[in-house]
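One file, my_file_34.cif, is given below (mmCIF, C-alpha atoms).
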data_my_file
#
loop_
_atom_site.label_atom_id
_atom_site.label_comp_id
_atom_site.auth_asym_id
_atom_site.auth_seq_id
_atom_site.Cartn_x
_atom_site.Cartn_y
_atom_site.Cartn_z
CA MET Y 1 -11.27 2.60 9.25
CA ALA Y 2 -7.91 3.51 10.76
CA LYS Y 3 -7.38 3.51 14.51
CA SER Y 4 -5.35 6.19 16.25
CA VAL Y 5 -3.13 5.26 19.20
CA GLN Y 6 -1.05 7.26 21.65
CA LEU Y 7 2.68 6.57 21.41
CA VAL Y 8 5.04 7.26 24.32
CA ASN Y 9 8.81 7.04 24.77
CA VAL Y 10 9.34 7.67 21.05
CA LYS Y 11 12.94 7.49 19.83
CA VAL Y 12 13.92 8.15 16.20
CA MET Y 13 17.31 7.17 14.80
CA ARG Y 14 18.96 5.89 11.63
CA ILE Y 15 20.48 2.45 11.09
CA GLN Y 16 23.36 2.59 8.63
CA PRO Y 17 25.22 -0.29 6.91
CA ARG Y 18 27.63 -2.06 9.23
CA SER Y 19 30.55 -1.47 6.87
CA LYS Y 20 31.30 0.61 3.80
CA VAL Y 21 31.71 -1.27 0.53
CA SER Y 22 32.15 -0.09 -3.04
CA HIS Y 23 28.83 0.09 -4.90
CA PRO Y 24 27.05 2.28 -7.47
CA GLN Y 25 26.07 5.68 -6.13
CA VAL Y 26 22.93 6.05 -8.25
CA LEU Y 27 20.34 3.57 -9.56
CA TYR Y 28 17.97 4.77 -12.29
CA ALA Y 29 14.28 3.91 -12.10
CA SER Y 30 13.05 1.33 -14.60
CA TYR Y 31 9.58 1.48 -16.13
CA TYR Y 32 8.46 -1.12 -13.59
CA ASP Y 33 9.75 1.03 -10.72
CA LEU Y 34 7.85 4.06 -12.01
CA LEU Y 35 4.57 2.14 -12.00
CA SER Y 36 4.76 2.29 -8.19
CA ILE Y 37 6.13 5.82 -7.99
CA ASP Y 38 6.37 7.14 -4.42
CA LEU Y 39 4.21 4.31 -3.08
CA MET Y 40 5.09 3.18 0.46
CA VAL Y 41 3.84 -0.25 1.59
CA PRO Y 42 3.73 -0.87 5.36
CA THR Y 43 3.65 -4.48 6.56
CA ILE Y 44 3.15 -5.09 10.26
CA PHE Y 45 4.32 -8.16 12.21
CA PHE Y 46 3.02 -9.00 15.70
CA PHE Y 47 4.97 -11.01 18.27
CA ARG Y 48 4.21 -12.26 21.78
CA LEU Y 49 7.42 -12.32 23.80
CA HIS Y 50 7.84 -14.57 26.81
CA ASP Y 51 9.50 -11.90 28.95
CA GLY Y 52 8.41 -8.34 28.21
CA GLY Y 53 11.63 -6.90 29.62
CA SER Y 54 14.70 -8.94 28.73
CA ASP Y 55 13.16 -10.44 25.59
CA TYR Y 56 12.26 -7.00 24.27
CA SER Y 57 15.73 -5.57 24.88
CA ARG Y 58 17.27 -8.57 23.17
CA MET Y 59 14.83 -8.26 20.27
CA VAL Y 60 15.49 -4.60 19.57
CA LYS Y 61 19.25 -5.05 19.80
CA LYS Y 62 19.18 -7.99 17.40
CA VAL Y 63 16.86 -6.21 14.95
CA LYS Y 64 19.17 -3.20 14.81
CA GLN Y 65 22.37 -5.23 14.51
CA SER Y 66 21.03 -7.57 11.83
CA LEU Y 67 19.54 -4.65 9.89
CA ALA Y 68 22.95 -2.94 9.85
CA ASP Y 69 24.47 -6.21 8.60
CA ILE Y 70 21.93 -6.87 5.82
CA LEU Y 71 22.22 -3.28 4.55
CA VAL Y 72 25.73 -4.09 3.36
CA PRO Y 73 24.61 -6.41 0.52
CA TYR Y 74 21.24 -4.60 0.27
CA TYR Y 75 22.73 -1.11 0.06
CA PRO Y 76 19.78 0.36 -1.96
CA MET Y 77 17.64 -0.05 1.17
CA ALA Y 78 19.84 2.52 2.96
CA GLY Y 79 19.46 5.09 0.17
CA ARG Y 80 17.01 7.83 -0.83
CA TRP Y 81 14.80 8.38 -3.87
CA LYS Y 82 15.44 11.98 -4.90
CA LYS Y 83 13.80 14.28 -7.42
CA VAL Y 84 16.10 15.17 -10.33
CA GLU Y 85 15.90 17.44 -13.35
CA ASN Y 86 17.44 15.31 -16.09
CA GLY Y 87 14.38 13.58 -17.50
CA ARG Y 88 13.60 11.07 -14.76
CA ILE Y 89 11.26 11.87 -11.92
CA ARG Y 90 13.34 9.97 -9.33
CA GLU Y 91 16.80 8.49 -8.91
CA LEU Y 92 17.79 6.17 -6.09
CA HIS Y 93 20.85 7.69 -4.44
CA CYS Y 94 22.73 4.86 -2.75
CA ASN Y 95 24.39 7.15 -0.22
CA ASP Y 96 24.27 4.84 2.84
CA GLU Y 97 22.20 7.51 4.62
CA GLY Y 98 20.54 4.75 6.58
CA VAL Y 99 17.12 3.39 7.45
CA PRO Y 100 14.85 5.59 9.61
CA PHE Y 101 14.19 3.52 12.73
CA VAL Y 102 11.56 4.27 15.38
CA GLU Y 103 11.23 2.79 18.85
CA ALA Y 104 8.00 3.53 20.71
CA SER Y 105 5.70 2.20 23.42
CA ILE Y 106 1.95 2.03 24.01
CA ASP Y 107 0.78 2.14 27.61
CA ASP Y 108 -1.82 -0.60 27.12
CA VAL Y 109 -1.94 -4.33 26.46
CA MET Y 110 -1.83 -5.51 22.86
CA ASP Y 111 -5.25 -7.18 22.84
CA ASN Y 112 -6.92 -3.96 24.00
CA VAL Y 113 -5.39 -2.04 21.09
CA VAL Y 114 -5.45 -4.59 18.28
CA ASP Y 115 -8.51 -6.60 17.26
CA PHE Y 116 -7.02 -9.57 15.44
CA GLU Y 117 -10.49 -10.81 14.43
CA ASP Y 118 -11.45 -7.49 12.83
CA PHE Y 119 -8.16 -5.70 12.23
CA LYS Y 120 -8.21 -1.89 11.98
CA ASP Y 121 -5.28 -0.11 10.34
CA LEU Y 122 -2.77 1.38 12.78
CA PRO Y 123 -1.00 4.18 10.84
CA ASP Y 124 0.78 5.43 13.97
CA LEU Y 125 2.81 2.19 13.95
CA SER Y 126 4.07 2.55 10.35
CA GLY Y 127 7.14 4.66 11.14
CA PHE Y 128 6.07 7.63 9.02
CA ILE Y 129 6.81 9.85 12.01
CA ALA Y 130 10.52 9.40 11.20
CA VAL Y 131 10.29 11.17 7.82
CA PRO Y 132 8.83 14.70 7.82
CA GLY Y 133 6.38 15.12 4.96
CA LEU Y 134 5.19 11.53 4.72
CA ASN Y 135 1.42 11.07 4.90
CA HIS Y 136 -0.15 7.65 5.35
CA THR Y 137 -3.41 8.77 3.70
CA LEU Y 138 -1.70 9.39 0.34
CA TYR Y 139 -1.43 6.72 -2.34
CA ASN Y 140 1.64 8.52 -3.74
CA GLN Y 141 3.88 10.60 -1.51
CA ASN Y 142 5.00 14.22 -2.05
CA VAL Y 143 7.54 14.23 -4.88
CA ASP Y 144 9.63 17.00 -3.26
CA VAL Y 145 10.51 14.89 -0.20
CA PRO Y 146 13.53 12.54 -0.45
CA LEU Y 147 11.97 9.16 0.20
CA PRO Y 148 13.74 6.33 2.03
CA SER Y 149 13.66 2.83 0.60
CA LEU Y 150 12.84 1.41 4.03
CA ILE Y 151 11.38 2.53 7.37
CA VAL Y 152 11.18 0.33 10.47
CA GLN Y 153 9.17 0.91 13.65
CA VAL Y 154 9.22 -1.37 16.70
CA THR Y 155 6.36 -0.70 19.13
CA ARG Y 156 6.23 -2.26 22.59
CA PHE Y 157 2.96 -2.91 24.41
CA LYS Y 158 2.45 -2.94 28.17
CA CYS Y 159 1.89 -6.70 28.18
CA GLY Y 160 5.20 -7.44 26.46
CA GLY Y 161 3.70 -7.88 23.01
CA VAL Y 162 5.55 -6.22 20.14
CA ALA Y 163 4.59 -4.89 16.72
CA MET Y 164 7.29 -4.44 14.10
CA CYS Y 165 6.20 -2.51 11.02
CA VAL Y 166 8.47 -2.68 7.98
CA THR Y 167 7.53 -0.04 5.42
CA GLY Y 168 9.14 -0.49 2.03
CA SER Y 169 9.22 1.81 -0.98
CA HIS Y 170 7.59 -0.06 -3.85
CA MET Y 171 9.87 1.86 -6.21
CA THR Y 172 12.85 0.03 -4.73
CA MET Y 173 11.53 -3.51 -5.01
CA ASP Y 174 8.42 -5.53 -5.72
CA GLY Y 175 6.78 -8.02 -3.39
CA TYR Y 176 9.01 -10.91 -4.43
CA GLY Y 177 12.14 -8.81 -3.94
CA PHE Y 178 10.82 -7.50 -0.61
CA GLY Y 179 10.07 -11.02 0.59
CA THR Y 180 13.59 -12.12 -0.36
CA PHE Y 181 15.04 -9.14 1.51
CA LEU Y 182 13.02 -9.91 4.65
CA ASN Y 183 14.01 -13.58 4.49
CA SER Y 184 17.69 -12.61 4.13
CA TRP Y 185 17.40 -10.18 7.04
CA ALA Y 186 15.84 -12.85 9.26
CA GLU Y 187 18.54 -15.30 8.17
CA VAL Y 188 21.24 -12.85 9.26
CA ALA Y 189 19.47 -12.27 12.58
CA SER Y 190 19.26 -16.00 13.30
CA THR Y 191 22.57 -17.27 11.89
CA GLY Y 192 24.81 -14.22 11.37
CA THR Y 193 24.99 -14.64 7.60
CA THR Y 194 22.85 -15.04 4.47
CA SER Y 195 23.22 -17.17 1.36
CA THR Y 196 21.36 -14.63 -0.80
CA LYS Y 197 23.41 -12.62 -3.29
CA PRO Y 198 21.06 -9.88 -4.50
CA SER Y 199 21.43 -8.27 -7.94
CA HIS Y 200 20.68 -4.53 -8.02
CA ASP Y 201 21.65 -3.82 -11.65
CA ARG Y 202 18.60 -2.09 -13.20
CA SER Y 203 19.90 -2.15 -16.80
CA PRO Y 204 18.11 -5.37 -17.94
CA ALA Y 205 14.75 -3.99 -16.75
CA LEU Y 206 15.51 -0.53 -18.18
CA SER Y 207 15.94 -2.12 -21.61
CA HIS Y 208 12.27 -3.14 -21.58
CA LEU Y 209 11.36 0.47 -22.38
CA ASP Y 210 12.39 -0.38 -25.94
CA LEU Y 211 9.32 -2.61 -26.17
CA LEU Y 212 6.93 0.29 -25.63
CA PRO Y 213 5.26 2.02 -28.59
CA SER Y 214 7.56 4.77 -29.88
CA SER Y 215 5.05 7.50 -28.98
CA GLN Y 216 4.85 6.33 -25.37
CA ARG Y 217 8.63 5.87 -25.13
CA GLU Y 218 9.11 9.43 -26.36
CA VAL Y 219 6.73 10.72 -23.70
CA ILE Y 220 8.72 8.99 -20.97
CA ASP Y 221 12.10 10.10 -22.35
CA ASN Y 222 11.05 13.76 -22.67
CA ALA Y 223 8.65 14.20 -19.77
CA GLY Y 224 11.12 15.34 -17.12
CA ASP Y 225 9.28 16.44 -13.97
CA LYS Y 226 5.94 15.85 -15.69
CA LEU Y 227 6.61 12.14 -15.89
CA GLY Y 228 5.00 11.62 -12.52
CA THR Y 229 1.64 12.78 -13.85
CA ALA Y 230 1.48 9.65 -16.00
CA PHE Y 231 1.75 7.38 -12.98
CA LYS Y 232 0.55 9.37 -9.95
CA VAL Y 233 -3.09 9.63 -8.97
CA LYS Y 234 -4.63 13.08 -9.33
CA LYS Y 235 -6.81 13.09 -6.24
CA ASN Y 236 -6.81 10.87 -3.19
CA VAL Y 237 -10.07 9.62 -1.79
CA THR Y 238 -11.00 7.94 1.46
CA PHE Y 239 -10.73 4.18 1.35
CA SER Y 240 -12.12 1.54 3.66
CA SER Y 241 -9.93 -1.43 4.63
CA LYS Y 242 -10.89 -4.79 6.07
CA LEU Y 243 -9.26 -8.18 6.67
CA PHE Y 244 -11.02 -11.47 5.82
CA ASN Y 245 -10.18 -15.19 6.07
CA ILE Y 246 -10.78 -17.89 3.45
CA LYS Y 247 -11.39 -21.42 4.68
CA ASN Y 248 -9.63 -24.37 3.05
CA GLU Y 249 -12.88 -25.89 1.85
CA ARG Y 250 -13.76 -22.82 -0.27
CA VAL Y 251 -10.74 -23.58 -2.45
CA ASP Y 252 -10.66 -27.37 -2.14
CA GLU Y 253 -14.19 -27.79 -3.48
CA LEU Y 254 -13.29 -25.84 -6.65
CA LYS Y 255 -10.09 -27.86 -7.13
CA ARG Y 256 -12.07 -31.10 -6.83
CA GLU Y 257 -14.63 -29.85 -9.33
CA ALA Y 258 -11.82 -29.10 -11.81
CA GLN Y 259 -10.37 -32.58 -11.36
CA THR Y 260 -13.76 -34.12 -12.13
CA ALA Y 261 -14.46 -31.89 -15.14
CA VAL Y 262 -11.03 -31.62 -16.74
CA GLY Y 263 -8.98 -34.50 -15.38
CA SER Y 264 -5.91 -34.99 -13.26
CA LYS Y 265 -3.48 -33.32 -15.69
CA LEU Y 266 -4.67 -29.83 -14.78
CA HIS Y 267 -4.15 -28.56 -11.25
CA LEU Y 268 -5.78 -25.30 -10.28
CA THR Y 269 -3.75 -23.26 -7.82
CA THR Y 270 -5.08 -21.57 -4.73
CA PHE Y 271 -4.51 -18.26 -6.53
CA ASP Y 272 -6.63 -19.45 -9.51
CA CYS Y 273 -9.53 -20.42 -7.26
CA ILE Y 274 -9.54 -17.27 -5.14
CA THR Y 275 -8.99 -14.87 -8.04
CA ALA Y 276 -11.82 -16.41 -10.07
CA GLN Y 277 -14.33 -15.77 -7.32
CA LEU Y 278 -13.04 -12.25 -6.68
CA TRP Y 279 -13.22 -11.56 -10.43
CA GLN Y 280 -16.90 -12.47 -10.44
CA CYS Y 281 -17.54 -10.31 -7.37
CA VAL Y 282 -15.63 -7.29 -8.75
CA ALA Y 283 -17.56 -7.47 -12.02
CA ARG Y 284 -20.75 -6.79 -10.05
CA LEU Y 285 -19.42 -3.63 -8.39
CA PRO Y 286 -21.26 -0.40 -9.21
CA ALA Y 287 -19.63 2.24 -11.41
CA ALA Y 288 -17.01 4.43 -9.77
CA PRO Y 289 -18.51 7.48 -8.01
CA SER Y 290 -16.29 9.75 -10.12
CA SER Y 291 -17.67 8.32 -13.37
CA GLU Y 292 -20.27 10.26 -15.31
CA SER Y 293 -21.49 7.09 -16.98
CA SER Y 294 -23.27 4.27 -15.20
CA SER Y 295 -21.89 1.93 -17.87
CA SER Y 296 -18.23 2.58 -17.07
CA GLN Y 297 -16.06 -0.52 -16.82
CA VAL Y 298 -15.14 -2.34 -13.66
CA THR Y 299 -11.91 -4.25 -14.28
CA ILE Y 300 -9.69 -6.45 -12.16
CA TRP Y 301 -5.94 -6.65 -12.66
CA TYR Y 302 -3.55 -9.03 -10.98
CA ALA Y 303 0.11 -8.33 -10.32
CA ALA Y 304 2.30 -10.68 -12.37
CA GLU Y 305 5.94 -11.14 -11.35
CA GLY Y 306 8.18 -11.51 -14.39
CA ARG Y 307 11.77 -12.37 -13.52
CA GLU Y 308 11.32 -15.48 -15.65
CA LYS Y 309 8.05 -14.82 -17.49
CA PHE Y 310 8.92 -11.43 -19.00
CA CYS Y 311 12.57 -11.97 -19.84
CA HIS Y 312 14.67 -14.14 -22.12
CA PRO Y 313 17.13 -14.93 -20.76
CA PRO Y 314 15.50 -14.63 -17.32
CA LEU Y 315 16.61 -11.99 -14.86
CA PRO Y 316 18.60 -13.25 -11.85
CA LYS Y 317 16.40 -14.99 -9.29
CA HIS Y 318 17.46 -12.48 -6.64
CA TYR Y 319 17.09 -9.37 -8.82
CA SER Y 320 15.98 -6.86 -6.21
CA GLY Y 321 14.09 -4.28 -8.27
CA ASN Y 322 10.57 -4.33 -9.67
CA VAL Y 323 9.65 -6.76 -12.43
CA ILE Y 324 5.92 -6.63 -12.03
CA LEU Y 325 3.00 -5.61 -14.23
CA GLY Y 326 -0.73 -5.44 -13.77
CA VAL Y 327 -2.40 -8.00 -16.05
CA ARG Y 328 -6.03 -7.39 -16.91
CA LEU Y 329 -8.64 -10.09 -16.74
CA GLY Y 330 -11.64 -9.76 -19.02
CA GLN Y 331 -14.38 -7.31 -18.06
CA GLU Y 332 -17.00 -10.06 -18.08
CA PRO Y 333 -15.98 -13.22 -16.24
CA PRO Y 334 -17.58 -16.56 -17.15
CA SER Y 335 -20.77 -17.17 -15.20
CA SER Y 336 -19.43 -20.53 -14.06
CA THR Y 337 -16.90 -20.20 -11.23
CA LEU Y 338 -15.07 -23.27 -12.53
CA GLN Y 339 -14.76 -21.72 -16.00
CA ALA Y 340 -13.59 -18.47 -14.42
CA ALA Y 341 -10.89 -20.35 -12.50
CA LEU Y 342 -9.79 -22.16 -15.67
CA ALA Y 343 -9.63 -18.80 -17.47
CA VAL Y 344 -7.44 -17.33 -14.72
CA HIS Y 345 -5.21 -20.42 -14.86
CA GLU Y 346 -4.74 -20.08 -18.63
CA ASN Y 347 -4.18 -16.31 -18.36
CA VAL Y 348 -1.38 -16.79 -15.84
CA LYS Y 349 0.13 -19.69 -17.78
CA SER Y 350 0.15 -17.75 -21.08
CA ILE Y 351 2.44 -14.93 -19.89
CA SER Y 352 5.73 -15.04 -21.79
CA PRO Y 353 8.37 -12.63 -23.14
CA ALA Y 354 6.43 -12.53 -26.42
CA LYS Y 355 3.39 -11.15 -24.58
CA LEU Y 356 5.31 -8.34 -22.84
CA PRO Y 357 4.71 -5.57 -25.44
CA ARG Y 358 0.97 -6.22 -25.25
CA LEU Y 359 1.00 -6.23 -21.45
CA LEU Y 360 2.83 -2.90 -21.44
CA GLN Y 361 0.25 -1.43 -23.81
CA ASP Y 362 -2.62 -2.70 -21.64
CA LEU Y 363 -1.05 -1.08 -18.61
CA SER Y 364 -0.69 2.19 -20.51
CA ASP Y 365 -4.44 2.03 -21.18
CA MET Y 366 -5.07 1.53 -17.47
CA PHE Y 367 -3.45 4.87 -16.64
CA ARG Y 368 -5.09 6.73 -19.52
CA VAL Y 369 -8.69 5.67 -18.94
CA ARG Y 370 -10.24 7.76 -16.18
CA GLY Y 371 -13.50 7.23 -14.33
CA ASP Y 372 -13.49 3.44 -14.43
CA ARG Y 373 -13.21 1.40 -11.28
CA LYS Y 374 -10.04 -0.68 -11.25
CA VAL Y 375 -9.20 -3.27 -8.61
CA ILE Y 376 -5.64 -4.54 -8.38
CA LEU Y 377 -5.02 -7.95 -6.82
CA SER Y 378 -1.61 -8.88 -5.43
CA SER Y 379 -0.73 -12.32 -4.09
CA TRP Y 380 1.72 -12.74 -1.22
CA LEU Y 381 1.02 -16.46 -0.90
CA ARG Y 382 4.58 -17.37 -1.95
CA LEU Y 383 6.19 -15.04 0.56
CA PRO Y 384 7.42 -16.86 3.70
CA MET Y 385 6.09 -14.22 6.08
CA TYR Y 386 5.20 -16.54 8.97
CA GLU Y 387 8.58 -18.29 8.74
CA LEU Y 388 10.54 -15.12 9.48
CA ASP Y 389 12.40 -15.56 12.75
CA PHE Y 390 14.61 -12.67 13.80
CA GLY Y 391 16.01 -14.73 16.64
CA PHE Y 392 13.16 -14.34 19.14
CA GLY Y 393 10.36 -16.39 17.60
CA LYS Y 394 8.06 -16.22 14.62
CA PRO Y 395 5.23 -13.68 14.24
CA PHE Y 396 1.71 -14.86 15.01
CA PHE Y 397 -0.09 -12.26 12.87
CA ILE Y 398 0.91 -10.28 9.75
CA THR Y 399 -0.97 -7.82 7.56
CA PRO Y 400 -0.50 -4.79 5.35
CA ASN Y 401 -1.12 -1.67 7.40
CA ALA Y 402 -2.70 1.67 6.49
CA LEU Y 403 -2.32 1.76 2.72
CA GLY Y 404 -3.62 4.96 1.12
CA GLY Y 405 -5.89 4.74 -1.91
CA GLY Y 406 -6.12 6.49 -5.24
CA PRO Y 407 -9.34 7.25 -7.11
CA SER Y 408 -11.11 4.32 -8.76
CA VAL Y 409 -8.39 1.91 -7.65
CA GLY Y 410 -9.04 -0.74 -5.07
CA LEU Y 411 -6.41 -3.09 -3.69
CA ILE Y 412 -6.79 -6.73 -2.68
CA PHE Y 413 -3.89 -8.60 -1.09
CA VAL Y 414 -4.07 -12.39 -0.94
CA LEU Y 415 -2.01 -13.23 2.14
CA PRO Y 416 -0.67 -16.40 3.71
CA PRO Y 417 -2.91 -17.33 6.65
CA PRO Y 418 -1.82 -17.30 10.28
CA PRO Y 419 -0.49 -20.73 11.33
CA ALA Y 420 -3.00 -23.24 12.68
CA ALA Y 421 -5.90 -20.97 11.75
CA GLY Y 422 -7.57 -23.55 9.53
CA ASN Y 423 -7.58 -21.12 6.60
CA VAL Y 424 -6.04 -21.33 3.15
CA ALA Y 425 -5.48 -17.57 2.84
CA ALA Y 426 -6.37 -14.17 4.21
CA LEU Y 427 -7.60 -11.17 2.23
CA TYR Y 428 -6.67 -7.57 2.99
CA ILE Y 429 -9.08 -5.44 0.97
CA THR Y 430 -9.05 -1.65 0.64
CA LEU Y 431 -11.83 -0.10 -1.45
CA GLU Y 432 -13.89 3.03 -1.76
CA PRO Y 433 -16.67 2.88 0.86
CA SER Y 434 -19.41 2.36 -1.74
CA ALA Y 435 -17.48 -0.54 -3.27
CA MET Y 436 -16.76 -2.06 0.14
CA GLU Y 437 -20.46 -1.86 1.01
CA ALA Y 438 -21.32 -3.66 -2.23
CA VAL Y 439 -18.74 -6.38 -1.60
CA LEU Y 440 -20.02 -6.95 1.94
CA GLY Y 441 -23.50 -7.45 0.50
CA ASP Y 442 -22.38 -9.88 -2.22
CA SER Y 443 -23.55 -13.42 -1.43
CA GLN Y 444 -20.71 -15.09 -3.34
CA PHE Y 445 -18.10 -13.04 -1.49
CA LEU Y 446 -19.72 -13.79 1.86
CA HIS Y 447 -19.64 -17.51 1.00
CA LEU Y 448 -15.95 -17.24 0.07
CA VAL Y 449 -14.96 -15.66 3.38
CA SER Y 450 -17.43 -17.45 5.66
#
Could you write out this structure as structure tokens?
Amino acid sequence: MAKSVQLVNVKVMRIQPRSKVSHPQVLYASYYDLLSIDLMVPTIFFFRLHDGGSDYSRMVKKVKQSLADILVPYYPMAGRWKKVENGRIRELHCNDEGVPFVEASIDDVMDNVVDFEDFKDLPDLSGFIAVPGLNHTLYNQNVDVPLPSLIVQVTRFKCGGVAMCVTGSHMTMDGYGFGTFLNSWAEVASTGTTSTKPSHDRSPALSHLDLLPSSQREVIDNAGDKLGTAFKVKKNVTFSSKLFNIKNERVDELKREAQTAVGSKLHLTTFDCITAQLWQCVARLPAAPSSESSSSQVTIWYAAEGREKFCHPPLPKHYSGNVILGVRLGQEPPSSTLQAALAVHENVKSISPAKLPRLLQDLSDMFRVRGDRKVILSSWLRLPMYELDFGFGKPFFITPNALGGGPSVGLIFVLPPPPAAGNVAALYITLEPSAMEAVLGDSQFLHLVS
């Protein structure tokens, strides 16, 4: 359930690159980019400043200056995704138009507005106000609106607390690329420079289209404006979002069980242990409301990042675009949670360039099959979110914010936990209300998050 707030003293501007450098004027969307067509992902960071006046002024100035600096090497973030007529639904025009930037205030203290124990989405803080036509309730945005790669909103509370929402276009970069960008931005803010040298050349990822079946490749090549129908949801539905915490012991006990059963040579990851239990829970979800058959499938997919796993030779470590695919786990998980965790571990380990054609075909099936409930799981555990210091301290709370939902698709984000919280991870879950109700009544899920 989203929470509406009243913004005052709203200022909208654009932050452009500090200096002009020679760079490509257009980047073409790869297949991986199109899988997230027109999807905007808001991530909100909360800070408690020591002095609500001078600290805030210093913060905003440093955020703007460092953003202008980092946009020089990360020039795609200052561009616009535009609709074109030459066979691709979008092109990224690297025109240095700048990042829409919003400053606003809320005439109340942070803890009265934000419940950090039971977080409610705050769409008014996502910066969408800066781009006419954007709608936070939509899973995919309106294709006729030029979409920025990045939107930033800094919101000041009466107590001196600050929320900074960074909304990125998923077409521009995946989670790994976005995390690298944020880390580079924070590095510039703190030190004045960054060691990251991003690679924006889409051609290696574009070549992966050759691995698709010829019939599907032909559809993409010849679709023109209709290409979006293959990737965009047809009808948006209301989703329910909620944040949960996972205690260390819920993962540690499964890791110990694996050590006893299999031996010390195999080490389950935190992702293996959490995903296995979510897989079992998702398999018990009722059929999607839109399905005419009570026997329709309920499947879980996890987002696999493939800079090394999909490519030989690997893509550059700091390749900034999308190299991510949804990988399907089996419809029926093992009844044993340990066996489910071992199956997840082997599934993740088995991904290789040789498996890429099959993964692409599986993903094609995901978009073709209607009526089934699909839940997509994305891990942010590797992203250094709580280490980001823009020169005025680290955030104390971070979460996705106000993600829209498409039919029969639920989203689960496995997040790094707040520092000193005693948790191994946090879960941001957005599901159809009937699915959320079922999850909240599932004894295994309640044990996982208790």
Y:Lys62, Y:His170, Y:His200, Y:Arg156: which is nearest Y:His23, counting all atoms listed in the file?
Y:His200
From atom CA of Y:Phe101 to atom CA of Y:Ile70 the spacing works out at 14.7 Å
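Taking all atoms listed in the file into account, Y:Cys159 lies nearest to Y:Phe47 out of the set Y:Phe178, Y:Phe47, Y:Tyr32, Y:Trp185.
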Could you tell me, as a ChimeraX atom specification, exactly which residues end up selected when the PyMOL selection byres ((chain Y and resi 440-446) around 12) is applied to this structure?
/Y:240-247,250,274-286,337,427,429,431,433-439,447-450
Identify, on the basis of only C-alpha atoms, every residue whose closest approach to Y:Ala420 does not exceed 12 Å; exclude the query and any residue fewer than 4 positions from it along the same chain; express the result as a PDB file with C-alpha atoms, in the frame of the given file.
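Contents of around.pdb, as written:
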ATOM      1  CA  LYS Y 247     -11.390 -21.420   4.680  1.00  0.00           C
ATOM      2  CA  ASN Y 248      -9.630 -24.370   3.050  1.00  0.00           C
ATOM      3  CA  TYR Y 386       5.200 -16.540   8.970  1.00  0.00           C
ATOM      4  CA  PHE Y 396       1.710 -14.860  15.010  1.00  0.00           C
ATOM      5  CA  PHE Y 397      -0.090 -12.260  12.870  1.00  0.00           C
ATOM      6  CA  PRO Y 416      -0.670 -16.400   3.710  1.00  0.00           C
ATOM      7  CA  VAL Y 424      -6.040 -21.330   3.150  1.00  0.00           C
ATOM      8  CA  ALA Y 425      -5.480 -17.570   2.840  1.00  0.00           C
TER       9      ALA Y 425
END
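With distances restricted to only C-alpha atoms, Y:Thr167 is the closest residue to Y:Ala130 from Y:Asn347, Y:Thr167, Y:Asn183, Y:Asn112.
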Once the PyMOL selection byres ((chain Y and resi 174) around 12) is applied to the coordinates I shared, what remains selected? I want it as a short mmCIF file (atom, residue, chain, number, x, y, z; two decimals) with C-alpha atoms, in the frame of the given file.
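To be explicit, this is the file written out as expr33.cif:
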data_model
loop_
_atom_site.label_atom_id
_atom_site.label_comp_id
_atom_site.auth_asym_id
_atom_site.auth_seq_id
_atom_site.Cartn_x
_atom_site.Cartn_y
_atom_site.Cartn_z
CA TYR Y 32 8.46 -1.12 -13.59
CA ASP Y 33 9.75 1.03 -10.72
CA LEU Y 34 7.85 4.06 -12.01
CA LEU Y 35 4.57 2.14 -12.00
CA SER Y 36 4.76 2.29 -8.19
CA ILE Y 37 6.13 5.82 -7.99
CA LEU Y 39 4.21 4.31 -3.08
CA MET Y 40 5.09 3.18 0.46
CA VAL Y 41 3.84 -0.25 1.59
CA SER Y 149 13.66 2.83 0.60
CA GLY Y 168 9.14 -0.49 2.03
CA SER Y 169 9.22 1.81 -0.98
CA HIS Y 170 7.59 -0.06 -3.85
CA MET Y 171 9.87 1.86 -6.21
CA THR Y 172 12.85 0.03 -4.73
CA MET Y 173 11.53 -3.51 -5.01
CA GLY Y 175 6.78 -8.02 -3.39
CA TYR Y 176 9.01 -10.91 -4.43
CA GLY Y 177 12.14 -8.81 -3.94
CA PHE Y 178 10.82 -7.50 -0.61
CA GLY Y 179 10.07 -11.02 0.59
CA THR Y 180 13.59 -12.12 -0.36
CA PHE Y 181 15.04 -9.14 1.51
CA ALA Y 303 0.11 -8.33 -10.32
CA ALA Y 304 2.30 -10.68 -12.37
CA GLU Y 305 5.94 -11.14 -11.35
CA GLY Y 306 8.18 -11.51 -14.39
CA ARG Y 307 11.77 -12.37 -13.52
CA HIS Y 318 17.46 -12.48 -6.64
CA TYR Y 319 17.09 -9.37 -8.82
CA SER Y 320 15.98 -6.86 -6.21
CA GLY Y 321 14.09 -4.28 -8.27
CA ASN Y 322 10.57 -4.33 -9.67
CA VAL Y 323 9.65 -6.76 -12.43
CA ILE Y 324 5.92 -6.63 -12.03
CA LEU Y 325 3.00 -5.61 -14.23
CA SER Y 378 -1.61 -8.88 -5.43
CA SER Y 379 -0.73 -12.32 -4.09
CA TRP Y 380 1.72 -12.74 -1.22
CA LEU Y 383 6.19 -15.04 0.56
#
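Here the PyMOL selection byres ((chain Y and resi 10) around 9) captures the residues Y:Leu7, Y:Val8, Y:Asn9, Y:Lys11, Y:Val12, Y:Val102, Y:Glu103, Y:Ala104, Y:Ser105.
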